[in-house]
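Visitor: Enclosed is the structure file structure_30.txt (compact mmCIF, C-alpha atoms).
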```txt
# COMPACT_ATOMS: atom_id res chain seq x y z
CA MET A 155 16.39 15.19 21.28
CA SER A 156 20.11 15.20 20.67
CA ILE A 157 20.95 11.97 22.46
CA LYS A 158 23.55 10.04 20.50
CA ASN A 159 21.91 6.65 20.41
CA THR A 160 24.80 4.95 18.64
CA LYS A 161 27.06 5.72 21.59
CA LEU A 162 24.45 4.67 24.17
CA TRP A 163 23.58 1.44 22.36
CA THR A 164 27.22 0.50 21.73
CA TRP A 165 28.00 0.86 25.43
CA HIS A 166 24.84 -1.07 26.28
CA VAL A 167 26.14 -3.99 24.22
CA LEU A 168 29.69 -3.64 25.53
CA ALA A 169 28.39 -3.43 29.11
CA GLY A 170 26.45 -6.64 28.50
CA LEU A 171 29.60 -8.42 27.31
CA ILE A 172 31.62 -7.09 30.25
CA LEU A 173 28.87 -8.20 32.65
CA ILE A 174 29.02 -11.72 31.25
CA PHE A 175 32.79 -11.71 31.92
CA LEU A 176 32.52 -10.24 35.44
CA LEU A 177 29.55 -12.39 36.38
CA GLY A 178 31.43 -15.38 34.99
CA LEU A 179 34.37 -14.65 37.29
CA HIS A 180 31.99 -14.31 40.24
CA MET A 181 30.17 -17.55 39.44
CA LEU A 182 33.34 -19.50 38.75
CA GLY A 183 35.05 -18.26 41.93
CA PHE A 184 32.24 -18.37 44.43
CA HIS A 185 29.52 -20.72 43.26
CA MET A 186 31.35 -23.34 41.21
CA ASN A 187 34.42 -23.65 43.37
CA ASP A 188 33.66 -27.28 44.19
CA VAL A 189 34.22 -28.07 40.55
CA LEU A 190 36.95 -25.64 39.54
CA HIS A 191 38.84 -25.05 42.84
CA MET A 192 39.77 -21.44 41.93
CA VAL A 193 39.68 -20.31 45.60
CA GLU A 194 41.37 -22.14 48.46
CA GLY A 195 38.90 -23.39 51.07
CA ASP A 196 35.18 -22.59 51.18
CA PRO A 197 34.62 -19.28 49.36
CA LEU A 198 31.59 -18.53 51.56
CA ASP A 199 33.36 -19.27 54.85
CA TRP A 200 33.65 -16.16 57.13
CA SER A 201 37.43 -16.21 57.27
CA THR A 202 37.67 -16.49 53.47
CA VAL A 203 35.13 -13.71 52.97
CA SER A 204 36.92 -11.46 55.47
CA GLU A 205 40.29 -12.08 53.87
CA ARG A 206 38.91 -11.46 50.40
CA ALA A 207 37.21 -8.23 51.48
CA GLN A 208 40.60 -6.78 52.46
CA ALA A 209 41.80 -6.92 48.85
CA LEU A 210 41.48 -3.67 46.90
CA SER A 211 40.88 -5.70 43.73
CA GLN A 212 37.67 -7.01 45.29
CA ALA A 213 36.35 -3.50 45.87
CA VAL A 214 37.34 -2.47 42.33
CA PHE A 215 35.65 -5.60 40.98
CA TYR A 216 32.33 -4.75 42.63
CA ILE A 217 32.50 -1.07 41.66
CA LEU A 218 33.04 -2.04 38.03
CA PHE A 219 30.30 -4.65 38.25
CA LEU A 220 27.93 -2.08 39.74
CA GLY A 221 28.74 0.55 37.11
CA PHE A 222 28.23 -1.71 34.11
CA ALA A 223 25.13 -3.39 35.59
CA LEU A 224 23.54 -0.03 36.37
CA TYR A 225 24.24 1.32 32.89
CA HIS A 226 23.01 -1.83 31.17
CA GLY A 227 19.86 -2.05 33.28
CA LEU A 228 18.92 1.62 33.23
CA TYR A 229 19.42 1.85 29.46
CA GLY A 230 17.04 -1.11 29.06
CA LEU A 231 14.54 0.55 31.41
CA ARG A 232 14.81 3.77 29.41
CA ASN A 233 13.96 1.91 26.20
CA ILE A 234 10.89 0.38 27.82
CA LEU A 235 9.70 3.73 29.15
CA LEU A 236 10.26 5.55 25.86
CA GLU A 237 8.14 2.97 24.06
CA LEU A 238 5.10 3.98 26.08
CA ASN A 239 4.50 6.65 23.45
CA ILE A 240 5.25 9.44 25.89
CA SER A 241 5.72 13.04 24.79
CA ASP A 242 9.14 14.47 23.97
CA GLY A 243 9.05 16.52 27.15
CA THR A 244 8.30 13.48 29.30
CA ALA A 245 11.00 11.52 27.46
CA GLY A 246 13.50 14.25 28.31
CA PHE A 247 12.43 14.09 31.95
CA VAL A 248 12.82 10.28 31.93
CA ASN A 249 16.33 10.63 30.52
CA LYS A 250 17.36 13.11 33.20
CA LEU A 251 15.70 11.11 35.98
CA LEU A 252 17.49 7.91 34.96
CA VAL A 253 20.86 9.69 34.76
CA VAL A 254 20.39 11.17 38.22
CA ALA A 255 19.17 7.84 39.65
CA GLY A 256 22.10 6.01 38.05
CA VAL A 257 24.68 8.46 39.37
CA LEU A 258 23.19 8.39 42.89
CA LEU A 259 23.01 4.58 42.97
CA PHE A 260 26.55 4.31 41.63
CA ALA A 261 27.83 6.79 44.24
CA PHE A 262 26.05 4.91 47.02
CA GLY A 263 27.33 1.52 45.80
CA THR A 264 30.88 2.84 45.43
CA TRP A 265 30.77 4.29 48.93
CA ALA A 266 29.51 0.92 50.25
CA ALA A 267 32.25 -1.03 48.48
CA ILE A 268 35.00 1.29 49.74
CA ALA A 269 33.50 1.37 53.24
CA SER A 270 33.39 -2.43 53.44
CA TRP A 271 36.99 -2.59 52.19
CA ASN A 272 38.07 -0.14 54.95
CA LEU A 273 36.04 -2.07 57.51
CA ALA A 274 37.62 -5.37 56.50
CA LYS A 275 41.11 -3.85 56.78
CA ALA A 276 40.30 -2.40 60.22
CA THR A 277 39.17 -5.79 61.57
CA VAL A 278 42.52 -7.50 60.82
CA MET B 102 -6.13 -27.38 0.97
CA SER B 103 -7.63 -25.26 -1.76
CA ASN B 104 -10.41 -26.58 -3.93
CA ASP B 105 -8.88 -26.51 -7.40
CA ASN B 106 -11.51 -28.54 -9.26
CA GLY B 107 -11.84 -25.81 -11.85
CA LYS B 108 -15.28 -24.65 -10.72
CA ASP B 109 -16.17 -21.39 -9.06
CA GLN B 110 -16.38 -21.58 -5.28
CA ASN B 111 -18.25 -19.01 -3.25
CA PHE B 112 -16.25 -17.20 -0.61
CA ILE B 113 -17.44 -14.72 1.96
CA PHE B 114 -15.37 -11.55 1.76
CA ARG B 115 -15.75 -10.03 5.24
CA VAL B 116 -14.59 -6.48 4.51
CA ARG B 117 -13.95 -3.78 7.06
CA ARG B 118 -15.78 -0.63 6.08
CA PHE B 119 -15.28 2.88 7.36
CA ASP B 120 -16.28 6.24 5.99
CA PRO B 121 -15.00 8.90 8.40
CA GLU B 122 -17.69 11.32 7.18
CA LYS B 123 -20.57 8.96 7.98
CA ASP B 124 -19.54 6.12 10.26
CA PRO B 125 -18.84 6.64 13.96
CA LYS B 126 -16.60 3.57 13.93
CA PRO B 127 -15.46 0.82 11.52
CA TYR B 128 -17.69 -2.21 10.93
CA TYR B 129 -17.54 -5.42 8.90
CA GLN B 130 -19.72 -6.19 5.90
CA ASP B 131 -20.05 -9.59 4.20
CA PHE B 132 -20.04 -10.10 0.44
CA THR B 133 -20.41 -13.42 -1.37
CA VAL B 134 -17.89 -13.66 -4.18
CA PRO B 135 -17.65 -16.52 -6.71
CA CYS B 136 -13.96 -17.37 -7.02
CA PRO B 137 -12.53 -19.50 -9.84
CA PRO B 138 -9.15 -21.17 -9.28
CA GLY B 139 -6.30 -18.66 -9.45
CA MET B 140 -8.45 -15.65 -8.62
CA VAL B 141 -6.59 -13.06 -6.58
CA VAL B 142 -8.13 -10.99 -3.80
CA LEU B 143 -7.96 -7.83 -5.88
CA ASP B 144 -10.21 -9.44 -8.51
CA GLY B 145 -12.65 -10.28 -5.73
CA LEU B 146 -12.71 -6.66 -4.62
CA TRP B 147 -13.35 -5.56 -8.20
CA TYR B 148 -16.22 -8.09 -8.38
CA ILE B 149 -17.75 -6.53 -5.27
CA LYS B 150 -17.36 -3.00 -6.62
CA GLU B 151 -18.83 -3.84 -10.02
CA ASN B 152 -21.66 -6.12 -8.85
CA LEU B 153 -22.47 -5.64 -5.17
CA ASP B 154 -21.36 -2.29 -3.73
CA PRO B 155 -19.78 0.44 -5.88
CA SER B 156 -18.91 2.46 -2.78
CA LEU B 157 -16.19 0.04 -1.62
CA SER B 158 -12.83 1.83 -1.66
CA TRP B 159 -9.27 0.58 -1.86
CA ARG B 160 -6.06 1.60 -3.61
CA SER B 161 -4.55 -0.40 -6.48
CA SER B 162 -2.82 0.15 -9.77
CA CYS B 163 -0.49 -2.29 -11.51
CA ARG B 164 -2.20 -5.61 -10.62
CA MET B 165 1.15 -7.44 -10.69
CA GLY B 166 2.93 -6.82 -7.40
CA VAL B 167 5.05 -3.93 -8.61
CA CYS B 168 3.41 -0.66 -7.60
CA GLY B 169 2.83 -1.47 -3.92
CA SER B 170 -0.59 0.16 -3.80
CA CYS B 171 -2.84 -2.70 -2.69
CA GLY B 172 -1.29 -3.68 0.65
CA MET B 173 -4.02 -4.80 3.06
CA MET B 174 -4.69 -7.23 5.88
CA LEU B 175 -5.94 -10.56 4.55
CA ASN B 176 -6.98 -13.04 7.21
CA GLY B 177 -4.97 -11.05 9.75
CA LYS B 178 -1.69 -10.72 7.86
CA PRO B 179 -0.42 -8.00 5.53
CA HIS B 180 -0.42 -9.03 1.87
CA LEU B 181 -0.71 -7.48 -1.57
CA ALA B 182 -4.27 -8.08 -2.76
CA CYS B 183 -3.03 -8.50 -6.35
CA HIS B 184 -0.47 -11.06 -5.29
CA THR B 185 -2.59 -13.32 -3.11
CA GLN B 186 -4.89 -16.03 -4.41
CA VAL B 187 -8.16 -16.34 -2.52
CA ARG B 188 -8.10 -20.15 -2.39
CA GLU B 189 -4.57 -20.25 -1.01
CA LEU B 190 -5.53 -18.08 1.94
CA ALA B 191 -9.12 -18.93 2.85
CA LYS B 192 -11.43 -21.94 3.17
CA ASP B 193 -14.72 -20.10 3.05
CA ILE B 194 -14.35 -16.70 4.76
CA LEU B 195 -11.72 -14.12 3.87
CA LEU B 196 -11.22 -11.29 6.34
CA VAL B 197 -10.20 -8.12 4.49
CA ALA B 198 -9.09 -5.05 6.48
CA PRO B 199 -6.87 -2.01 5.93
CA LEU B 200 -3.24 -2.04 7.04
CA PRO B 201 -2.89 -1.28 10.76
CA ASN B 202 -0.40 1.31 12.11
CA PHE B 203 -1.81 3.81 9.59
CA ASP B 204 -4.73 6.21 9.77
CA ILE B 205 -7.60 5.11 7.53
CA VAL B 206 -8.72 7.40 4.72
CA ARG B 207 -11.71 5.20 3.89
CA ASP B 208 -12.55 1.46 3.88
CA LEU B 209 -9.32 -0.30 2.80
CA VAL B 210 -7.33 2.85 2.01
CA PRO B 211 -4.57 3.59 4.53
CA ASP B 212 -2.94 7.00 4.79
CA LEU B 213 0.62 6.23 3.69
CA GLY B 214 1.68 9.88 4.02
CA PRO B 215 3.42 9.60 7.40
CA MET B 216 5.40 6.58 6.14
CA MET B 217 6.53 8.54 3.09
CA ASP B 218 7.43 11.51 5.32
CA LYS B 219 9.69 9.27 7.41
CA HIS B 220 11.14 7.79 4.24
CA ARG B 221 11.90 11.26 2.86
CA ALA B 222 13.31 12.45 6.19
CA LEU B 223 16.08 9.84 5.97
CA ASN B 224 17.34 11.35 2.69
CA THR B 225 16.68 8.17 0.75
CA ARG B 226 18.39 9.27 -2.42
CA THR B 227 21.95 9.43 -3.66
CA ILE B 228 23.73 12.52 -2.32
CA ARG B 229 26.96 13.67 -3.95
CA ASP B 230 28.99 16.80 -4.41
CA ASP B 231 28.99 16.67 -8.21
CA GLY B 232 25.52 18.09 -8.62
CA GLU B 233 26.03 19.04 -12.25
CA GLU B 234 26.89 15.47 -13.20
CA MET B 235 23.83 14.23 -11.32
CA LEU B 236 21.50 16.71 -12.99
CA LYS B 237 22.91 16.20 -16.48
CA PRO B 238 24.75 12.87 -16.42
CA THR B 239 27.45 12.44 -19.04
CA ASP B 240 28.29 8.88 -18.07
CA GLN B 241 27.48 6.19 -15.51
CA TYR B 242 28.97 5.89 -12.04
CA TRP B 243 31.11 2.82 -11.62
CA GLN B 244 30.16 0.17 -9.05
CA ASP B 245 31.54 -3.31 -8.47
CA PRO B 246 29.00 -6.15 -8.60
CA GLU B 247 30.06 -7.01 -5.02
CA ASP B 248 29.11 -3.52 -3.90
CA LEU B 249 25.80 -3.77 -5.70
CA VAL B 250 24.94 -7.00 -3.88
CA LYS B 251 25.35 -5.24 -0.51
CA TYR B 252 22.15 -3.28 -1.04
CA LEU B 253 20.44 -4.84 -4.06
CA GLN B 254 17.71 -6.77 -2.22
CA PHE B 255 16.72 -3.66 -0.28
CA ALA B 256 16.31 -1.78 -3.55
CA TYR B 257 13.48 -4.20 -4.45
CA CYS B 258 11.22 -2.47 -1.88
CA ILE B 259 7.96 -1.18 -3.41
CA LYS B 260 6.87 0.88 -0.37
CA CYS B 261 3.62 -1.03 0.05
CA GLY B 262 3.64 -0.58 3.83
CA CYS B 263 3.16 -4.27 4.69
CA CYS B 264 6.29 -4.25 6.86
CA MET B 265 5.09 -1.12 8.67
CA ALA B 266 1.75 -2.80 9.37
CA ALA B 267 3.47 -5.88 10.82
CA CYS B 268 5.96 -4.01 13.01
CA PRO B 269 5.08 -4.39 16.73
CA THR B 270 7.38 -1.52 17.71
CA LEU B 271 5.69 0.90 15.35
CA ALA B 272 2.33 -0.15 16.77
CA THR B 273 3.23 1.42 20.10
CA ASP B 274 5.83 4.04 19.18
CA GLU B 275 4.82 6.35 16.37
CA ARG B 276 8.18 8.17 16.52
CA TYR B 277 10.00 5.03 15.39
CA SER B 278 10.95 5.40 11.73
CA GLY B 279 9.86 1.85 10.93
CA PRO B 280 11.26 -0.95 8.78
CA MET B 281 10.67 0.49 5.31
CA PRO B 282 12.38 3.89 5.82
CA LEU B 283 15.22 2.28 7.78
CA ALA B 284 15.82 -0.43 5.19
CA GLN B 285 15.96 2.28 2.54
CA GLY B 286 18.24 4.32 4.79
CA TYR B 287 20.61 1.37 4.93
CA ARG B 288 20.34 0.90 1.16
CA TYR B 289 21.84 4.38 0.66
CA LEU B 290 24.21 4.15 3.63
CA VAL B 291 26.19 1.37 1.95
CA ASP B 292 25.76 2.46 -1.67
CA THR B 293 29.30 3.21 -2.88
CA ARG B 294 28.01 5.96 -5.18
CA ASP B 295 26.73 7.95 -2.23
CA GLY B 296 28.86 10.66 -0.64
CA ALA B 297 26.93 11.48 2.54
CA PHE B 298 27.96 8.66 4.86
CA LYS B 299 28.99 10.93 7.74
CA ASP B 300 25.78 12.96 7.58
CA ARG B 301 23.69 9.80 7.43
CA VAL B 302 25.51 8.32 10.43
CA LYS B 303 24.89 11.50 12.40
CA GLN B 304 21.20 11.48 11.57
CA LEU B 305 20.73 7.77 12.28
CA SER B 306 22.42 8.17 15.64
CA GLY B 307 19.41 10.24 16.71
CA GLU B 308 15.82 9.24 17.35
CA GLN B 309 15.22 8.52 13.65
CA GLY B 310 17.69 5.64 13.80
CA PRO B 311 17.20 1.89 14.24
CA TRP B 312 17.48 1.81 18.04
CA ARG B 313 13.88 0.97 18.87
CA CYS B 314 13.92 -2.22 16.75
CA HIS B 315 13.42 -5.37 18.87
CA TYR B 316 14.23 -7.65 15.97
CA ALA B 317 10.79 -9.27 16.01
CA GLY B 318 11.40 -9.99 12.32
CA GLU B 319 7.73 -9.69 11.30
CA CYS B 320 8.62 -7.05 8.69
CA SER B 321 10.75 -9.55 6.82
CA ALA B 322 8.23 -12.36 7.22
CA VAL B 323 5.44 -10.41 5.50
CA CYS B 324 7.33 -8.57 2.75
CA PRO B 325 5.72 -9.56 -0.57
CA LYS B 326 8.94 -8.81 -2.45
CA GLY B 327 11.23 -10.93 -0.29
CA VAL B 328 13.06 -7.91 1.09
CA ASP B 329 14.54 -8.42 4.56
CA PRO B 330 14.15 -5.08 6.41
CA ALA B 331 15.00 -6.68 9.76
CA ARG B 332 18.38 -7.66 8.33
CA ALA B 333 18.91 -4.15 6.96
CA ILE B 334 18.21 -2.69 10.40
CA GLN B 335 20.66 -5.05 12.11
CA LEU B 336 23.30 -4.34 9.45
CA MET B 337 22.66 -0.64 9.92
CA LYS B 338 23.23 -0.96 13.67
CA ARG B 339 26.46 -2.80 12.97
CA GLN B 340 27.65 -0.08 10.57
CA LEU B 341 26.81 2.64 13.09
CA VAL B 342 28.56 0.85 15.95
CA PHE B 343 31.63 0.09 13.83
CA ASP B 344 31.74 3.72 12.78
CA TYR B 345 31.49 4.88 16.41
CA LEU B 346 34.39 2.56 17.28
CA ARG B 347 36.27 3.91 14.24
CA LEU B 348 36.35 0.44 12.68
CA SER B 349 34.25 1.25 9.63
CA LYS B 350 35.96 1.81 6.29
CA LEU B 351 32.89 3.54 4.88
CA ARG B 352 33.71 6.77 6.78
CA TYR B 353 36.79 7.21 4.61
CA ARG B 354 35.10 6.14 1.39
CA LYS B 355 35.01 8.50 -1.54
CA PRO B 356 31.86 8.20 -3.64
CA ALA B 357 32.38 6.10 -6.74
CA GLY B 358 33.42 8.10 -9.79
CA LEU B 359 32.62 7.62 -13.43
CA LEU B 360 33.44 4.38 -15.16
CA PRO B 361 37.25 4.27 -15.58
CA GLN B 362 38.72 3.69 -19.02
CA GLU B 363 40.39 0.40 -18.07
CA LYS B 364 37.02 -1.02 -17.02
CA ARG B 365 35.38 -0.26 -20.34
CA ALA B 366 35.02 -2.92 -22.97
CA LYS B 367 37.47 -2.36 -25.79
CA GLU B 368 35.00 -3.49 -28.41
CA ARG B 369 31.32 -4.18 -28.48
CA ARG B 370 30.74 -7.86 -27.79
CA GLU B 371 29.24 -9.95 -30.55
CA GLY B 372 25.55 -10.69 -30.45
CA ILE B 373 24.52 -7.56 -28.59
CA ALA B 374 22.09 -5.56 -30.64
CA GLU B 375 22.53 -1.85 -31.20
CA PRO B 376 20.01 0.31 -29.29
CA PRO B 377 17.07 1.51 -31.37
CA GLU B 378 17.04 5.03 -32.73
CA PHE B 379 15.25 7.62 -30.61
CA THR B 380 11.73 8.36 -31.74
CA VAL B 381 11.52 11.63 -29.79
CA GLU B 382 13.13 14.62 -31.36
CA GLY B 383 16.01 16.05 -29.35
CA ALA B 384 16.40 13.00 -27.08
CA THR B 385 19.98 12.13 -26.09
CA SER B 386 21.61 9.02 -24.71
CA LEU B 387 24.34 8.31 -22.20
CA GLN B 388 27.59 7.15 -23.77
```
Let me see the file written as structure tokens.
Guide:
Amino acid sequence: MSIKNTKLWTWHVLAGLILIFLLGLHMLGFHMNDVLHMVEGDPLDWSTVSERAQALSQAVFYILFLGFALYHGLYGLRNILLELNISDGTAGFVNKLLVVAGVLLFAFGTWAAIASWNLAKATV
Amino acid sequence: MSNDNGKDQNFIFRVRRFDPEKDPKPYYQDFTVPCPPGMVVLDGLWYIKENLDPSLSWRSSCRMGVCGSCGMMLNGKPHLACHTQVRELAKDILLVAPLPNFDIVRDLVPDLGPMMDKHRALNTRTIRDDGEEMLKPTDQYWQDPEDLVKYLQFAYCIKCGCCMAACPTLATDERYSGPMPLAQGYRYLVDTRDGAFKDRVKQLSGEQGPWRCHYAGECSAVCPKGVDPARAIQLMKRQLVFDYLRLSKLRYRKPAGLLPQEKRAKERREGIAEPPEFTVEGATSLQ
């Protein structure tokens, strides 16, 4: 197989670091607001959620989060599957299947994020 | 605690036997071996062969932890039989089995061939452009002591296979190169005398590379020579990632040349004896 594992593994590690940063922002803003007061009002209140959903940055945030989480998770799943001592042919099939699954899930998640952003804008 | 009262103590050597031509599957056989203080497992095996069962087979040579031939499982962990005292390991029963993660040739003899194939496949030798100098060296290549330290401990490897037997990844994934070949791959990756860094990086980026390692660390825990293959594998990953991010200086390294004049001692230091004359006709020396 000609998969460049250095590239895949490097991005796996980088994606993990980026996820810690993005998840940290999410946790600090939405779940630890009582302590840190980063968002005005209750971050889970409907009006706050609706207002936040109208921001393009919010949609971009979730698309990025989705992309890095999918890559990180599917790469880890690939490693587990390849360690089942499967044949080279099956390993190739697993690689292709995970790429297709990742692209489809990313497309669906991106569509959902953009759709919810449009919906939030339309309800103003 | 071991019984070191100076008298022989009888131990049961419970040895796994298997002759692929006769036995449908491996089985265990007990031998009673009188062990004086300080006796190593290899001596016990020789006692069995000379006094109890001459058909017992294992591989050994140097008897002093240098050749790496007598790696085997002793009470469930990989050890060198010549390097392990019976009384330090067992109270009364010593379980002796061949190294796992290898096919068994017979009894305690593992087939190390696949390990050596993986070792060879990673080009574990110095590769340079000046082939003539390598074939007929006229001088020595120059290397800083700091550069030597970067790989020195990995050069102590004796290829006994203990690390391969302890590796949980290799136990389930036979395509994984394993700790010994990878540690040796790293040893040449960072050797300043080597000139094939880019080719090595390309090869290690494929399936032969370190990517399946979970960092269980068992390889380092069992190495009888104190080599740390797990560290080599992590350092190798770091080198490969740094090179991918174009942060590695090794990519632009030129292989070390011959010892420069300014580094040579002007005069021979006092107290250092002259080398003896050659006793073989036609023999020559490096300068």
Visitor: Using only C-alpha atoms, select each residue of chain A with any atom at most 6 Å away from an atom of chain B, and give the selection as a short mmCIF file (atom, residue, chain, number, x, y, z; two decimals) with C-alpha atoms, in the coordinates of the input.
Guide:
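Just written: out_28.cif:
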```
data_model
loop_
_atom_site.label_atom_id
_atom_site.label_comp_id
_atom_site.auth_asym_id
_atom_site.auth_seq_id
_atom_site.Cartn_x
_atom_site.Cartn_y
_atom_site.Cartn_z
CA LYS A 158 23.55 10.04 20.50
CA ASN A 159 21.91 6.65 20.41
CA THR A 160 24.80 4.95 18.64
CA THR A 164 27.22 0.50 21.73
CA GLU A 237 8.14 2.97 24.06
CA ASN A 239 4.50 6.65 23.45
#
```
Visitor: Return as AutoDock Vina command-line options the centre and edge lengths, in Å with one decimal, of the box along x, y and z that encloses every atom of range 315-330 of chain B in the file, padded by 8 Å per side.
Guide:
```
--center_x 10.0 --center_y -8.7 --center_z 8.2 --size_x 25.1 --size_y 23.3 --size_z 37.3
```
Visitor: Figure out the distance between CA of Glu205 in chain A and CA of His185 in chain A, please, to one decimal in Å.
Guide: 17.4 Å
Visitor: Go through B:Leu195, B:Leu175, B:Val141, B:Leu360 and flag the residue nearest Asp245 in chain B, using only C-alpha atoms for the distances.
Guide: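 Of B:Leu195, B:Leu175, B:Val141, B:Leu360, the one nearest Asp245 in chain B, counting only C-alpha atoms, is B:Leu360.
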Visitor: What lies within 9 Å of Thr264 in chain A using only C-alpha atoms, ignoring chain neighbours under 2 positions off, as JSON, numbers by chain?
Guide: {"A": [213, 214, 216, 217, 220, 221, 259, 260, 261, 262, 266, 267, 268, 269]}
Visitor: Would you mind telling me which residue in B:Phe119, B:Cys320, B:Phe255, B:Gly262 lies nearest to Pro215 in chain B when using only C-alpha atoms?
Guide: B:Gly262
